[in-house]
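Reproduced below: entry.cif, with mmCIF, C-alpha atoms and all ligand atoms.
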```
data_coords
#
loop_
_atom_site.group_PDB
_atom_site.id
_atom_site.type_symbol
_atom_site.label_atom_id
_atom_site.label_comp_id
_atom_site.auth_asym_id
_atom_site.auth_seq_id
_atom_site.Cartn_x
_atom_site.Cartn_y
_atom_site.Cartn_z
ATOM 1 C CA MET A 25 -15.970 132.914 72.447
ATOM 2 C CA ARG A 26 -13.429 135.661 73.094
ATOM 3 C CA ASN A 27 -11.011 135.360 75.975
ATOM 4 C CA VAL A 28 -12.215 137.841 78.596
ATOM 5 C CA ALA A 29 -10.679 139.146 81.828
ATOM 6 C CA VAL A 30 -11.732 141.776 84.327
ATOM 7 C CA LEU A 31 -9.705 144.126 86.493
ATOM 8 C CA SER A 32 -11.710 145.706 89.299
ATOM 9 C CA HIS A 33 -11.499 147.469 92.642
ATOM 10 C CA ILE A 34 -10.948 145.141 95.597
ATOM 11 C CA ALA A 35 -12.047 147.498 98.371
ATOM 12 C CA ASP A 36 -15.821 147.292 98.295
ATOM 13 C CA ILE A 37 -18.912 145.588 96.919
ATOM 14 C CA ASP A 38 -19.132 147.958 93.948
ATOM 15 C CA GLY A 39 -15.753 146.770 92.628
ATOM 16 C CA VAL A 40 -16.346 143.107 93.456
ATOM 17 C CA GLY A 41 -19.924 143.301 92.165
ATOM 18 C CA ALA A 42 -18.872 144.865 88.856
ATOM 19 C CA ALA A 43 -16.387 142.001 88.340
ATOM 20 C CA ALA A 44 -19.071 139.466 89.303
ATOM 21 C CA LEU A 45 -21.431 140.812 86.631
ATOM 22 C CA VAL A 46 -18.717 140.566 83.973
ATOM 23 C CA ARG A 47 -18.251 136.934 85.047
ATOM 24 C CA MET A 48 -22.001 136.367 84.948
ATOM 25 C CA ARG A 49 -22.049 137.504 81.324
ATOM 26 C CA TYR A 50 -18.890 135.783 80.011
ATOM 27 C CA ARG A 51 -18.499 132.794 82.377
ATOM 28 C CA ILE A 52 -14.794 133.466 82.830
ATOM 29 C CA PRO A 53 -12.655 131.431 85.267
ATOM 30 C CA LEU A 54 -12.161 133.026 88.701
ATOM 31 C CA ASN A 55 -8.428 133.486 88.088
ATOM 32 C CA GLN A 56 -9.220 135.823 85.197
ATOM 33 C CA ILE A 57 -10.701 138.243 87.708
ATOM 34 C CA PHE A 58 -8.045 140.612 89.088
ATOM 35 C CA LEU A 59 -9.081 142.551 92.167
ATOM 36 C CA ILE A 60 -6.716 145.323 93.194
ATOM 37 C CA SER A 61 -6.429 148.513 95.217
ATOM 38 C CA HIS A 62 -5.048 151.765 93.793
ATOM 39 C CA ASP A 63 -1.528 150.791 94.894
ATOM 40 C CA ARG A 64 1.011 150.822 92.104
ATOM 41 C CA ASP A 65 2.358 147.394 93.173
ATOM 42 C CA GLU A 66 -1.046 145.806 92.756
ATOM 43 C CA VAL A 67 -1.679 147.459 89.398
ATOM 44 C CA LEU A 68 1.706 146.145 88.257
ATOM 45 C CA LYS A 69 0.819 142.631 89.445
ATOM 46 C CA ALA A 70 -2.475 142.735 87.585
ATOM 47 C CA ALA A 71 -0.654 143.905 84.440
ATOM 48 C CA GLN A 72 1.612 140.858 84.739
ATOM 49 C CA GLY A 73 -1.386 138.595 85.276
ATOM 50 C CA LEU A 74 -3.055 139.934 82.129
ATOM 51 C CA ARG A 75 0.182 139.465 80.200
ATOM 52 C CA ARG A 76 0.309 135.819 81.315
ATOM 53 C CA LEU A 77 -3.169 135.282 79.895
ATOM 54 C CA GLY A 78 -1.439 136.374 76.697
ATOM 55 C CA GLY A 79 -3.059 135.424 73.481
ATOM 56 C CA LYS A 80 -4.395 137.684 70.829
ATOM 57 C CA GLY A 81 -7.668 139.468 71.036
ATOM 58 C CA LEU A 82 -8.048 139.560 74.823
ATOM 59 C CA LEU A 83 -11.092 141.573 75.929
ATOM 60 C CA VAL A 84 -10.368 143.276 79.259
ATOM 61 C CA PHE A 85 -12.941 145.088 81.382
ATOM 62 C CA ILE A 86 -11.519 147.596 83.858
ATOM 63 C CA THR A 87 -14.200 148.551 86.355
ATOM 64 C CA ASP A 88 -14.536 150.856 89.379
ATOM 65 C CA LEU A 89 -10.880 151.904 89.027
ATOM 66 C CA ASN A 90 -9.366 155.224 87.973
ATOM 67 C CA PRO A 91 -5.762 156.027 87.069
ATOM 68 C CA SER A 92 -3.931 158.212 89.610
ATOM 69 C CA ALA A 93 -0.667 160.119 89.152
ATOM 70 C CA ASP A 94 1.002 157.068 90.656
ATOM 71 C CA THR A 95 -0.487 154.410 88.384
ATOM 72 C CA MET A 96 -1.131 156.346 85.162
ATOM 73 C CA ASP A 97 1.929 155.018 83.297
ATOM 74 C CA VAL A 98 1.164 151.401 84.279
ATOM 75 C CA TYR A 99 -2.423 151.650 83.068
ATOM 76 C CA GLU A 100 -1.404 153.475 79.912
ATOM 77 C CA SER A 101 1.054 150.794 78.853
ATOM 78 C CA MET A 102 -1.386 148.035 79.874
ATOM 79 C CA VAL A 103 -4.120 149.428 77.637
ATOM 80 C CA LYS A 104 -1.736 150.011 74.723
ATOM 81 C CA GLU A 105 -0.224 146.551 75.034
ATOM 82 C CA ILE A 106 -3.635 144.849 74.982
ATOM 83 C CA LYS A 107 -4.641 146.895 71.956
ATOM 84 C CA GLY A 108 -1.308 146.163 70.249
ATOM 85 C CA ARG A 109 -2.068 142.445 70.484
ATOM 86 C CA GLY A 110 -5.422 142.845 68.809
ATOM 87 C CA GLY A 111 -7.362 142.987 72.065
ATOM 88 C CA SER A 112 -9.537 145.680 73.522
ATOM 89 C CA VAL A 113 -10.152 147.418 76.841
ATOM 90 C CA VAL A 114 -13.626 148.413 78.018
ATOM 91 C CA TRP A 115 -13.156 150.839 80.908
ATOM 92 C CA LEU A 116 -16.310 151.408 82.979
ATOM 93 C CA ASP A 117 -15.737 153.781 85.886
ATOM 94 C CA HIS A 118 -17.589 156.453 87.823
ATOM 95 C CA HIS A 119 -14.750 158.408 89.449
ATOM 96 C CA VAL A 120 -13.352 161.829 88.550
ATOM 97 C CA TRP A 121 -10.415 161.519 86.117
ATOM 98 C CA SER A 122 -7.616 164.064 85.887
ATOM 99 C CA LYS A 123 -7.066 165.948 82.625
ATOM 100 C CA GLU A 124 -3.848 164.044 82.123
ATOM 101 C CA ALA A 125 -5.584 160.684 82.577
ATOM 102 C CA ILE A 126 -8.221 161.709 80.031
ATOM 103 C CA ARG A 127 -5.528 162.758 77.581
ATOM 104 C CA ARG A 128 -3.465 159.579 77.930
ATOM 105 C CA ILE A 129 -5.830 156.629 78.358
ATOM 106 C CA PRO A 130 -9.369 156.602 76.857
ATOM 107 C CA GLY A 131 -8.099 157.063 73.288
ATOM 108 C CA ALA A 132 -6.485 153.627 73.413
ATOM 109 C CA CYS A 133 -9.584 151.931 74.882
ATOM 110 C CA GLY A 134 -12.362 150.350 72.830
ATOM 111 C CA VAL A 135 -14.905 151.954 75.158
ATOM 112 C CA ALA A 136 -14.283 154.264 78.122
ATOM 113 C CA ILE A 137 -16.941 155.580 80.481
ATOM 114 C CA PHE A 138 -15.659 157.653 83.373
ATOM 115 C CA GLY A 139 -16.215 160.787 85.451
ATOM 116 C CA GLU A 140 -18.229 161.624 88.541
ATOM 117 C CA ASN A 141 -21.585 159.945 88.134
ATOM 118 C CA ARG A 142 -24.425 160.883 90.477
ATOM 119 C CA GLU A 143 -26.759 158.284 89.011
ATOM 120 C CA MET A 144 -24.783 155.110 88.719
ATOM 121 C CA CYS A 145 -22.041 153.206 90.494
ATOM 122 C CA ALA A 146 -19.683 150.908 88.562
ATOM 123 C CA THR A 147 -21.837 147.800 89.133
ATOM 124 C CA GLN A 148 -24.798 149.591 87.565
ATOM 125 C CA ILE A 149 -22.793 150.794 84.576
ATOM 126 C CA VAL A 150 -21.629 147.203 83.954
ATOM 127 C CA HIS A 151 -25.183 145.913 84.491
ATOM 128 C CA ARG A 152 -26.486 148.359 81.904
ATOM 129 C CA PHE A 153 -23.580 147.976 79.463
ATOM 130 C CA LEU A 154 -23.797 144.161 79.386
ATOM 131 C CA GLU A 155 -27.600 144.259 79.198
ATOM 132 C CA LEU A 156 -27.992 141.876 82.118
ATOM 133 C CA ASP A 157 -31.677 141.794 82.844
ATOM 134 C CA SER A 158 -32.356 138.866 85.166
ATOM 135 C CA ARG A 159 -34.341 139.421 88.330
ATOM 136 C CA PHE A 160 -31.238 138.732 90.425
ATOM 137 C CA ALA A 161 -28.931 141.011 88.420
ATOM 138 C CA ASN A 162 -31.463 143.851 88.550
ATOM 139 C CA GLU A 163 -31.917 143.578 92.302
ATOM 140 C CA PHE A 164 -28.184 143.219 92.941
ATOM 141 C CA ALA A 165 -27.316 146.315 90.858
ATOM 142 C CA ASP A 166 -30.063 148.295 92.587
ATOM 143 C CA ASN A 167 -28.819 147.202 96.026
ATOM 144 C CA VAL A 168 -25.239 148.276 95.191
ATOM 145 C CA HIS A 169 -26.594 151.628 93.935
ATOM 146 C CA TYR A 170 -27.851 152.413 97.442
ATOM 147 C CA ILE A 171 -24.639 151.186 99.036
ATOM 148 C CA ASP A 172 -22.090 152.891 96.797
ATOM 149 C CA LEU A 173 -23.853 156.241 96.503
ATOM 150 C CA PHE A 174 -24.535 156.286 100.270
ATOM 151 C CA LEU A 175 -28.280 156.613 99.789
ATOM 152 C CA PRO A 176 -30.643 155.967 102.672
ATOM 153 C CA THR A 177 -33.103 153.115 102.152
ATOM 154 C CA LYS A 178 -35.892 151.517 104.132
ATOM 155 C CA ASN A 179 -35.389 148.151 102.435
ATOM 156 C CA LYS A 180 -34.264 145.864 105.270
ATOM 157 C CA LYS A 181 -32.694 143.297 102.962
ATOM 158 C CA TYR A 182 -30.659 146.025 101.280
ATOM 159 C CA LYS A 183 -29.466 147.325 104.640
ATOM 160 C CA ARG A 184 -28.528 143.897 105.936
ATOM 161 C CA ARG A 185 -26.571 143.083 102.797
ATOM 162 C CA ALA A 186 -24.872 146.499 102.838
ATOM 163 C CA GLU A 187 -23.565 145.836 106.323
ATOM 164 C CA GLU A 188 -22.480 142.296 105.532
ATOM 165 C CA TYR A 189 -20.598 143.319 102.382
ATOM 166 C CA LYS A 190 -18.886 146.211 104.111
ATOM 167 C CA LEU A 191 -17.808 144.426 107.274
ATOM 168 C CA GLY A 192 -17.014 141.125 105.549
ATOM 169 C CA ILE A 193 -14.843 142.742 102.869
ATOM 170 C CA ASP A 194 -13.085 144.867 105.510
ATOM 171 C CA TYR A 195 -12.334 141.723 107.492
ATOM 172 C CA TYR A 196 -10.888 139.988 104.451
ATOM 173 C CA LEU A 197 -8.685 142.973 103.670
ATOM 174 C CA MET A 198 -7.349 143.193 107.217
ATOM 175 C CA ARG A 199 -5.230 140.072 107.044
ATOM 176 C CA GLY A 200 -3.185 137.899 104.730
ATOM 177 C CA THR A 201 -1.352 138.602 101.504
ATOM 178 C CA HIS A 202 -2.753 140.392 98.490
ATOM 179 C CA GLU A 203 -3.079 136.980 96.802
ATOM 180 C CA SER A 204 -5.130 135.452 99.621
ATOM 181 C CA GLN A 205 -7.355 138.538 99.888
ATOM 182 C CA GLN A 206 -7.929 138.469 96.176
ATOM 183 C CA ASN A 207 -8.858 134.780 96.268
ATOM 184 C CA LYS A 208 -11.456 135.327 99.006
ATOM 185 C CA LEU A 209 -13.057 138.125 97.022
ATOM 186 C CA ARG A 210 -12.895 136.128 93.794
ATOM 187 C CA ARG A 211 -14.979 133.501 95.587
ATOM 188 C CA LEU A 212 -17.508 136.157 96.588
ATOM 189 C CA ALA A 213 -17.608 137.372 92.968
ATOM 190 C CA GLY A 214 -18.115 133.725 91.962
ATOM 191 C CA ALA A 215 -21.099 133.375 94.310
ATOM 192 C CA ILE A 216 -22.675 136.599 93.028
ATOM 193 C CA SER A 217 -22.099 135.603 89.399
ATOM 194 C CA SER A 218 -24.085 132.412 90.117
ATOM 195 C CA GLY A 219 -27.013 134.372 91.482
ATOM 196 C CA ARG A 220 -26.312 134.359 95.233
ATOM 197 C CA PHE A 221 -26.120 137.641 97.127
ATOM 198 C CA THR A 222 -23.549 136.362 99.582
ATOM 199 C CA ASP A 223 -21.655 133.288 100.690
ATOM 200 C CA PRO A 224 -21.286 131.671 104.126
ATOM 201 C CA ASP A 225 -17.646 132.683 104.469
ATOM 202 C CA LEU A 226 -18.420 136.389 103.980
ATOM 203 C CA HIS A 227 -21.241 136.083 106.493
ATOM 204 C CA ARG A 228 -18.877 134.664 109.129
ATOM 205 C CA ALA A 229 -16.216 137.296 108.367
ATOM 206 C CA ALA A 230 -18.747 140.108 108.831
ATOM 207 C CA LEU A 231 -19.875 138.742 112.192
ATOM 208 C CA LYS A 232 -16.290 138.470 113.411
ATOM 209 C CA PHE A 233 -15.508 142.054 112.471
ATOM 210 C CA LYS A 234 -18.630 143.725 113.802
ATOM 211 C CA ALA A 235 -17.691 144.012 117.479
ATOM 212 C CA LEU A 236 -14.071 144.867 116.759
ATOM 213 C CA ASN A 237 -15.149 147.686 114.432
ATOM 214 C CA SER A 238 -17.333 149.393 117.060
ATOM 215 C CA LYS A 239 -14.555 149.164 119.625
ATOM 216 C CA ARG A 240 -11.976 150.695 117.285
ATOM 217 C CA ILE A 241 -14.304 153.563 116.351
ATOM 218 C CA ALA A 242 -14.965 154.373 120.016
ATOM 219 C CA LEU A 243 -11.211 154.430 120.588
ATOM 220 C CA LEU A 244 -10.329 156.660 117.644
ATOM 221 C CA LEU A 245 -13.064 159.150 118.562
ATOM 222 C CA ARG A 246 -11.220 159.704 121.839
ATOM 223 C CA ASN A 247 -7.997 160.495 119.970
ATOM 224 C CA LEU A 248 -9.018 162.938 117.252
ATOM 225 C CA VAL A 249 -6.479 165.335 115.757
ATOM 226 C CA TYR A 250 -7.546 168.684 114.243
ATOM 227 C CA LEU A 251 -5.674 170.261 111.321
ATOM 228 C CA SER A 252 -8.121 173.164 111.663
ATOM 229 C CA PRO A 253 -11.723 173.426 112.913
ATOM 230 C CA GLN A 254 -12.685 172.265 109.401
ATOM 231 C CA ILE A 255 -10.531 169.152 109.149
ATOM 232 C CA VAL A 256 -10.412 166.314 111.657
ATOM 233 C CA LEU A 257 -8.125 163.266 111.447
ATOM 234 C CA ALA A 258 -7.749 159.950 113.223
ATOM 235 C CA PHE A 259 -5.275 157.098 113.132
ATOM 236 C CA SER A 260 -6.420 153.508 113.427
ATOM 237 C CA LYS A 261 -5.969 150.055 112.042
ATOM 238 C CA GLN A 262 -8.615 147.421 111.350
ATOM 239 C CA VAL A 263 -11.638 149.650 111.143
ATOM 240 C CA ASP A 264 -14.269 150.368 108.500
ATOM 241 C CA SER A 265 -13.190 153.698 107.034
ATOM 242 C CA THR A 266 -16.652 154.795 105.937
ATOM 243 C CA ASP A 267 -18.123 154.162 109.400
ATOM 244 C CA ALA A 268 -15.146 155.809 111.100
ATOM 245 C CA CYS A 269 -15.172 158.924 108.898
ATOM 246 C CA HIS A 270 -18.936 159.236 109.274
ATOM 247 C CA GLU A 271 -18.719 159.117 113.073
ATOM 248 C CA MET A 272 -15.911 161.684 113.046
ATOM 249 C CA LEU A 273 -18.176 164.124 111.186
ATOM 250 C CA GLU A 274 -21.127 163.283 113.439
ATOM 251 C CA LYS A 275 -19.209 163.883 116.656
ATOM 252 C CA THR A 276 -17.480 167.129 115.629
ATOM 253 C CA GLU A 277 -18.150 170.404 113.827
ATOM 254 C CA ALA A 278 -15.636 169.559 111.118
ATOM 255 C CA ASP A 279 -16.570 169.376 107.440
ATOM 256 C CA ILE A 280 -13.806 166.992 106.353
ATOM 257 C CA SER A 281 -12.697 163.803 108.095
ATOM 258 C CA ILE A 282 -9.569 161.857 107.250
ATOM 259 C CA LEU A 283 -8.877 158.362 108.500
ATOM 260 C CA ILE A 284 -5.349 156.996 108.311
ATOM 261 C CA LYS A 285 -4.890 153.231 108.476
ATOM 262 C CA THR A 286 -1.587 152.852 110.246
ATOM 263 C CA ASP A 287 -0.978 149.286 109.066
ATOM 264 C CA THR A 288 -1.623 149.666 105.329
ATOM 265 C CA GLY A 289 -1.143 153.418 104.816
ATOM 266 C CA HIS A 290 -4.573 153.653 103.143
ATOM 267 C CA CYS A 291 -6.188 156.989 103.926
ATOM 268 C CA SER A 292 -9.863 157.855 103.428
ATOM 269 C CA ILE A 293 -11.312 161.333 103.114
ATOM 270 C CA ARG A 294 -14.999 162.129 103.572
ATOM 271 C CA SER A 295 -16.775 165.475 103.639
ATOM 272 C CA ARG A 296 -20.197 166.986 103.969
ATOM 273 C CA LYS A 297 -19.674 170.047 101.754
ATOM 274 C CA ALA A 298 -16.107 170.485 100.481
ATOM 275 C CA ASP A 299 -14.859 168.830 97.302
ATOM 276 C CA THR A 300 -12.134 166.475 98.545
ATOM 277 C CA VAL A 301 -10.884 165.316 95.146
ATOM 278 C CA PRO A 302 -8.200 168.053 94.740
ATOM 279 C CA LEU A 303 -6.776 167.195 98.178
ATOM 280 C CA ALA A 304 -6.799 163.449 97.469
ATOM 281 C CA ARG A 305 -5.161 164.116 94.137
ATOM 282 C CA THR A 306 -2.288 166.245 95.475
ATOM 283 C CA LEU A 307 -1.661 163.384 97.900
ATOM 284 C CA GLY A 308 -1.458 160.869 95.050
ATOM 285 C CA GLY A 309 -5.024 159.513 95.116
ATOM 286 C CA GLY A 310 -8.482 160.392 93.840
ATOM 287 C CA GLY A 311 -12.158 159.495 94.127
ATOM 288 C CA HIS A 312 -15.499 161.260 94.429
ATOM 289 C CA PRO A 313 -16.135 164.828 95.717
ATOM 290 C CA HIS A 314 -17.358 163.633 99.140
ATOM 291 C CA ALA A 315 -15.552 160.279 99.320
ATOM 292 C CA SER A 316 -11.972 159.996 98.204
ATOM 293 C CA GLY A 317 -8.678 158.534 99.327
ATOM 294 C CA PHE A 318 -4.958 158.197 98.908
ATOM 295 C CA SER A 319 -2.143 155.933 100.051
ATOM 296 C CA VAL A 320 1.104 156.639 101.832
ATOM 297 C CA ASP A 321 4.195 154.561 102.421
ATOM 298 C CA VAL A 322 3.964 153.994 106.201
ATOM 299 C CA ARG A 323 7.748 153.534 106.446
ATOM 300 C CA ARG A 324 8.214 157.214 105.621
ATOM 301 C CA TYR A 325 6.362 158.085 108.831
ATOM 302 C CA ASN A 326 7.754 155.394 111.113
ATOM 303 C CA SER A 327 4.415 153.535 110.744
ATOM 304 C CA PHE A 328 2.814 156.464 112.667
ATOM 305 C CA LYS A 329 4.130 154.900 115.880
ATOM 306 C CA THR A 330 6.103 157.937 117.037
ATOM 307 C CA ALA A 331 4.933 161.509 117.617
ATOM 308 C CA ASN A 332 7.598 162.504 115.125
ATOM 309 C CA GLY A 333 6.227 160.268 112.402
ATOM 310 C CA ARG A 334 2.694 161.536 112.921
ATOM 311 C CA GLU A 335 3.764 165.205 113.008
ATOM 312 C CA LYS A 336 5.655 164.803 109.761
ATOM 313 C CA PHE A 337 2.574 163.323 108.081
ATOM 314 C CA LEU A 338 0.184 165.919 109.535
ATOM 315 C CA GLY A 339 2.534 168.701 108.432
ATOM 316 C CA ALA A 340 2.529 167.392 104.858
ATOM 317 C CA VAL A 341 -1.277 167.131 104.715
ATOM 318 C CA LYS A 342 -1.745 170.534 106.328
ATOM 319 C CA LEU A 343 0.519 172.204 103.778
ATOM 320 C CA LYS A 344 -1.486 170.768 100.865
ATOM 321 C CA ALA A 345 -4.856 171.535 102.492
ATOM 322 C CA ASP A 346 -3.738 175.097 103.140
ATOM 323 C CA LYS A 347 -2.686 175.606 99.509
ATOM 324 C CA LEU A 348 -6.141 174.442 98.431
ATOM 325 C CA GLY A 349 -7.821 176.832 100.881
ATOM 326 C CA LEU A 350 -9.456 174.007 102.820
ATOM 327 C CA LEU A 351 -8.231 174.880 106.338
HETATM 328 MN MN MN B 1 -17.481 152.444 93.228
#
```
What do you get writing this file as structure tokens?
Ligand SMILES: [Mn+2]
Amino acid sequence: MRNVAVLSHIADIDGVGAAALVRMRYRIPLNQIFLISHDRDEVLKAAQGLRRLGGKGLLVFITDLNPSADTMDVYESMVKEIKGRGGSVVWLDHHVWSKEAIRRIPGACGVAIFGENREMCATQIVHRFLELDSRFANEFADNVHYIDLFLPTKNKKYKRRAEEYKLGIDYYLMRGTHESQQNKLRRLAGAISSGRFTDPDLHRAALKFKALNSKRIALLLRNLVYLSPQIVLAFSKQVDSTDACHEMLEKTEADISILIKTDTGHCSIRSRKADTVPLARTLGGGGHPHASGFSVDVRRYNSFKTANGREKFLGAVKLKADKLGLL
């Protein structure tokens, strides 16, 4: 059988689940799953990892990831290198791609599916593409559909799993090195690829994070910053960004909420009405119209510890938001 690897998004169950389904289909070793964020450093590390797998004819799935201005060149050379060695890239994504990304990358892929998709998350695209049709795979893909597209459901099992995935993965990503985080999530992908919805370690992680998350959200709601009546921001560390952004919109009249993680520099944008992709993109990121994000180097803003550091950051975001007519 062909040597197969998968590169997927580390941040949530859609990314981890998509990788798990590739493993379910091809039975690949866990260390041939690369789980990364949109950070250039991590994309570079994954490119090295793929290179080490070497060999001719490598089949690489890239799932739930999109190239940003920051990572475009790394992805472009990765795809071309794999193709140059007789391999092939199957890129299965559901995020908005920039014109430049579309011009530079899909042409070198064997298959590329991308663009805002209101029907399917990445896990579902992989599920469909690989023709996985077991009872477990069908239920798992359906569960992730509700989670990743933020759809309300009355299914109690779906809700319980959604919470466990979200809080457990957050907890994993709060501590340790990229390597150790990746290994924890590879184990979760391993469990899912063997037909289990979760594993005991994720369950424990979710329980540990639950109380802390509520406390942090209560705290950040008392310290909101407004760029305009339309845009509200908050700084925090160790919090679930989706929960935090949701609460910020619930508790205010704003249409757009932005959460800045002061430890990692990961920033999440959520909105009710406005398209947030152009804003995320001018800040070096991307995503979906109502759920996007970007990353900043926290050292540039003194880790947001000083008023000066925060002002500098807020000024930069405000300028971009103003140019886009979002204020
Ligand atoms: Mn996704």
Option closest in space to ligand MN 1 (chain B), from A:Leu343, A:Leu173, A:Leu212, A:Leu59 [counting only C-alpha atoms and all ligand atoms]: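 Residue with the minimum atom-to-atom distance to ligand MN 1 (chain B): A:Leu173.
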Shell of 8 Å around range 315-326 of chain A, all atoms listed in the file, local chain residues under 2 positions omitted, as number ranges by chain: A: 63, 286-295, 300-301, 304-305, 307-313, 328-330, 332-334, 336-337
I'd like the neighbourhood of Cys133 in chain A as a PDB file with C-alpha atoms, keeping the file's coordinate frame, where a residue qualifies if any of its atoms comes within 8 Å (using all atoms listed in the file), though same-chain residues fewer than 2 positions away should be ignored.
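Saved to out.pdb:
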```pdb
ATOM      1  CA  VAL A 103      -4.120 149.428  77.637  1.00  0.00           C
ATOM      2  CA  LYS A 107      -4.641 146.895  71.956  1.00  0.00           C
ATOM      3  CA  SER A 112      -9.537 145.680  73.522  1.00  0.00           C
ATOM      4  CA  VAL A 113     -10.152 147.418  76.841  1.00  0.00           C
ATOM      5  CA  VAL A 114     -13.626 148.413  78.018  1.00  0.00           C
ATOM      6  CA  TRP A 115     -13.156 150.839  80.908  1.00  0.00           C
ATOM      7  CA  ILE A 129      -5.830 156.629  78.358  1.00  0.00           C
ATOM      8  CA  PRO A 130      -9.369 156.602  76.857  1.00  0.00           C
ATOM      9  CA  GLY A 131      -8.099 157.063  73.288  1.00  0.00           C
ATOM     10  CA  VAL A 135     -14.905 151.954  75.158  1.00  0.00           C
ATOM     11  CA  ALA A 136     -14.283 154.264  78.122  1.00  0.00           C
TER      12      ALA A 136
END
```
Output check: residues returned by the PyMOL selection byres (((chain A and resi 152) around 12) and not hetatm), as a PyMOL selection string: chain A and resi 42+45-46+49+116+144-151+153-158+161-162+165-166
Residues returned when the PyMOL selection byres (((chain A and resi 125) around 10) and not hetatm) runs on this file, as a ChimeraX atom specification: /A:90-93,95-97,99-100,120-124,126-130
All residues having an atom within 8 Å of ligand MN 1 (chain B) (only C-alpha atoms and all ligand atoms) as a list of chain:residue names: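 With only C-alpha atoms and all ligand atoms and a cut-off of 8 Å, ligand MN 1 (chain B) is contacted by A:His33, A:Asp36, A:Ile37, A:Asp38, A:Gly39, A:Asp88, A:Leu89, A:Asp117, A:His118, A:His119, A:Cys145, A:Ala146, A:Thr147, A:Asp172.
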Distance in Å - CA of Val30 in chain A versus CA of Arg199 in chain A: 23.7 Å
Which of A:Arg211, A:Lys285, A:Lys190, A:Lys178 sits closest to Ala229 in chain A [using all atoms listed in the file]: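 When distances to Ala229 in chain A are compared using all atoms listed in the file, the smallest one comes from A:Lys190.
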Residue with smallest distance to Tyr50 in chain A - pool A:Phe138, A:Phe221, A:Tyr195, A:Phe85, counting all atoms listed in the file: A:Phe85
Minimum-distance residue to Leu82 in chain A, chosen among A:Asp279, A:Asp94, A:Glu105, A:Glu66 (using all atoms listed in the file): A:Glu105
Residues near Leu244 in chain A, cut-off 7 Å, only C-alpha atoms, skip fewer than 2 positions along chain, as a list in words: Arg240, Ile241, Ala242, Arg246, Asn247, Leu248, Ala258, Phe259 and Ser260 of chain A
Counting only C-alpha atoms, the residue of A:Phe174, A:Asp346, A:Gly81, A:Asn207 that sits nearest Arg142 in chain A: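 For Arg142 in chain A, the nearest of the candidates is A:Phe174.
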12 Å contact set for Glu274 in chain A, all atoms listed in the file, chain neighbours under 4 positions out, as a VMD selection string: chain A and resid 245 256 267 to 270 278 to 281 294 to 296
Completion of range 258-270 of chain A up to N, CA and C atoms, as a PDB file, in the coordinates of the input:
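Final output, saved to selection_28.pdb:
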```pdb
ATOM      1  N   ALA A 258      -7.961 160.987 112.214  1.00  0.00           N
ATOM      2  CA  ALA A 258      -7.749 159.950 113.223  1.00  0.00           C
ATOM      3  C   ALA A 258      -6.882 158.847 112.643  1.00  0.00           C
ATOM      4  N   PHE A 259      -6.111 158.227 113.521  1.00  0.00           N
ATOM      5  CA  PHE A 259      -5.275 157.098 113.132  1.00  0.00           C
ATOM      6  C   PHE A 259      -5.887 155.830 113.710  1.00  0.00           C
ATOM      7  N   SER A 260      -5.932 154.782 112.899  1.00  0.00           N
ATOM      8  CA  SER A 260      -6.420 153.508 113.427  1.00  0.00           C
ATOM      9  C   SER A 260      -5.961 152.391 112.515  1.00  0.00           C
ATOM     10  N   LYS A 261      -6.084 151.174 112.972  1.00  0.00           N
ATOM     11  CA  LYS A 261      -5.969 150.055 112.042  1.00  0.00           C
ATOM     12  C   LYS A 261      -7.251 149.242 112.185  1.00  0.00           C
ATOM     13  N   GLN A 262      -7.501 148.354 111.253  1.00  0.00           N
ATOM     14  CA  GLN A 262      -8.615 147.421 111.350  1.00  0.00           C
ATOM     15  C   GLN A 262      -9.930 148.091 111.735  1.00  0.00           C
ATOM     16  N   VAL A 263     -10.365 148.984 110.886  1.00  0.00           N
ATOM     17  CA  VAL A 263     -11.638 149.650 111.143  1.00  0.00           C
ATOM     18  C   VAL A 263     -12.292 149.904 109.780  1.00  0.00           C
ATOM     19  N   ASP A 264     -13.601 150.022 109.760  1.00  0.00           N
ATOM     20  CA  ASP A 264     -14.269 150.368 108.500  1.00  0.00           C
ATOM     21  C   ASP A 264     -14.133 151.871 108.288  1.00  0.00           C
ATOM     22  N   SER A 265     -13.499 152.269 107.200  1.00  0.00           N
ATOM     23  CA  SER A 265     -13.190 153.698 107.034  1.00  0.00           C
ATOM     24  C   SER A 265     -14.437 154.541 106.853  1.00  0.00           C
ATOM     25  N   THR A 266     -15.429 154.025 106.145  1.00  0.00           N
ATOM     26  CA  THR A 266     -16.652 154.795 105.937  1.00  0.00           C
ATOM     27  C   THR A 266     -17.369 155.051 107.263  1.00  0.00           C
ATOM     28  N   ASP A 267     -17.507 154.000 108.077  1.00  0.00           N
ATOM     29  CA  ASP A 267     -18.123 154.162 109.400  1.00  0.00           C
ATOM     30  C   ASP A 267     -17.326 155.147 110.244  1.00  0.00           C
ATOM     31  N   ALA A 268     -16.002 154.975 110.253  1.00  0.00           N
ATOM     32  CA  ALA A 268     -15.146 155.809 111.100  1.00  0.00           C
ATOM     33  C   ALA A 268     -15.251 157.273 110.673  1.00  0.00           C
ATOM     34  N   CYS A 269     -15.119 157.536 109.373  1.00  0.00           N
ATOM     35  CA  CYS A 269     -15.172 158.924 108.898  1.00  0.00           C
ATOM     36  C   CYS A 269     -16.537 159.537 109.177  1.00  0.00           C
ATOM     37  N   HIS A 270     -17.587 158.755 109.013  1.00  0.00           N
ATOM     38  CA  HIS A 270     -18.936 159.236 109.274  1.00  0.00           C
ATOM     39  C   HIS A 270     -19.081 159.655 110.742  1.00  0.00           C
TER      40      HIS A 270
END
```
